[in-house]
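As structure tokens, the structure follows; a few thoughts come after it.
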Amino acid sequence: MSIPDELLVDVAAMVESEQSNQMSLTVVTGGAVITGRLAPEAVWRERVSEVLTDSAYLGPFSGIFTAGRTQERPDRSKSPTHLHFHVARILQGSIGIPETGGMYRVAIKDVSAWTMGDFSYSDH
């Protein structure tokens, strides 16, 4: 979608303002279905940084996600441009990938469909 859905922008803004990670959302973007919980960008960045820090090979990249953390969103009046998913999965048929959940950043303007809540899936 070339123009971001205003309602979806409002949902993302509320997640950012409340600093909550309990909003479940499912989106279609680029033909992929991603389902999981939204997190505020600062929380998402911190978690990605922690995961990278723990990696022997990817540790040097962790600083990219924590750089400028004191200024994550200096202009609160600016609308969010991305959704930040954690414990999320890409749905492939009835299977959720990855099994443990992943961290995804999705541009709101690229979301072609969405619904509140996460879809259930089977690991079998």
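Order determines the names: the first chain of the structure tokens is A, the second B, and so forth; residues in each chain are numbered 1 upward, and ligands are numbered 1 upward as they are shown.
All residues of protein, DNA or RNA that reach within 7 Å of Leu83 (chain A), judged by only C-alpha atoms and not counting those fewer than 3 positions away in the chain, are Ala12, Leu38, Arg105, Val106, Ala107 and Ile108 of chain A.
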Residues just named, written with C-alpha atoms as a PDB file, in the first residue's frame:
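Output file again.pdb follows:
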```pdb
ATOM      1  CA  ALA A  12       1.402   1.740  16.146  1.00  0.00           C
ATOM      2  CA  LEU A  38       3.928  -5.385  18.562  1.00  0.00           C
ATOM      3  CA  ARG A 105      10.399  -4.695  11.416  1.00  0.00           C
ATOM      4  CA  VAL A 106       7.754  -3.950   8.793  1.00  0.00           C
ATOM      5  CA  ALA A 107       7.155  -0.641   7.021  1.00  0.00           C
ATOM      6  CA  ILE A 108       3.549   0.393   7.622  1.00  0.00           C
TER       7      ILE A 108
END
```
Just list as a PyMOL selection string whatever in chain A DSSP marks as helix (DSSP H, G or I). chain A and resi 6-18+41-53+59-66+69-71+108-110
What is the CA of Arg89 (chain A)-CA of Val33 (chain A) distance in Å, reported with one decimal? 8.3 Å
Name all residues at most 12 Å from Arg45 (chain A) (count only C-alpha atoms; drop same-chain ones fewer than 5 positions away) and give them as a list in words. Ala39, Pro40, Glu50, Val51, Leu52, Phe61, Ser62, Gly63, Ile64, Phe65, Thr66, Ala67, Gly68, Arg69, Thr70, Glu72, Leu83, His84, Phe85, His86, Met103, Tyr104 and Arg105 of chain A
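Residues in contact with Lys109 (chain A) at 12 Å, where only C-alpha atoms are counted and same-chain residues fewer than 6 positions away are skipped, are listed as Met1, Ser2, Ile3, Pro4, Asp5, Glu6, Leu7, Leu8, Val9, Val27, Val28, Thr29, Gly30, Ser79, Pro80, Thr81, His82 and Leu83 of chain A.
Using only C-alpha atoms for every distance, the candidate list A:Pro60, A:Ala42, A:Ile34, A:Ser112 yields A:Ile34 as the residue closest to Gln92 (chain A).
Proximity ranking of A:Ser49, A:Ala113, A:Asp54, A:Lys78 relative to Gly31 (chain A) places A:Ala113 first, based on only C-alpha atoms.
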Counting only C-alpha atoms, which residue out of A:Asn21, A:Ser94, A:Thr115, A:Thr100 sits closest to Trp44 (chain A)? A:Asn21
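Atom pair CA of Thr53 (chain A) / CA of Gly101 (chain A): separated by 18.2 Å.
With CA of Asp118 (chain A) on one side and CA of Glu41 (chain A) on the other, the separation reads 19.4 Å.
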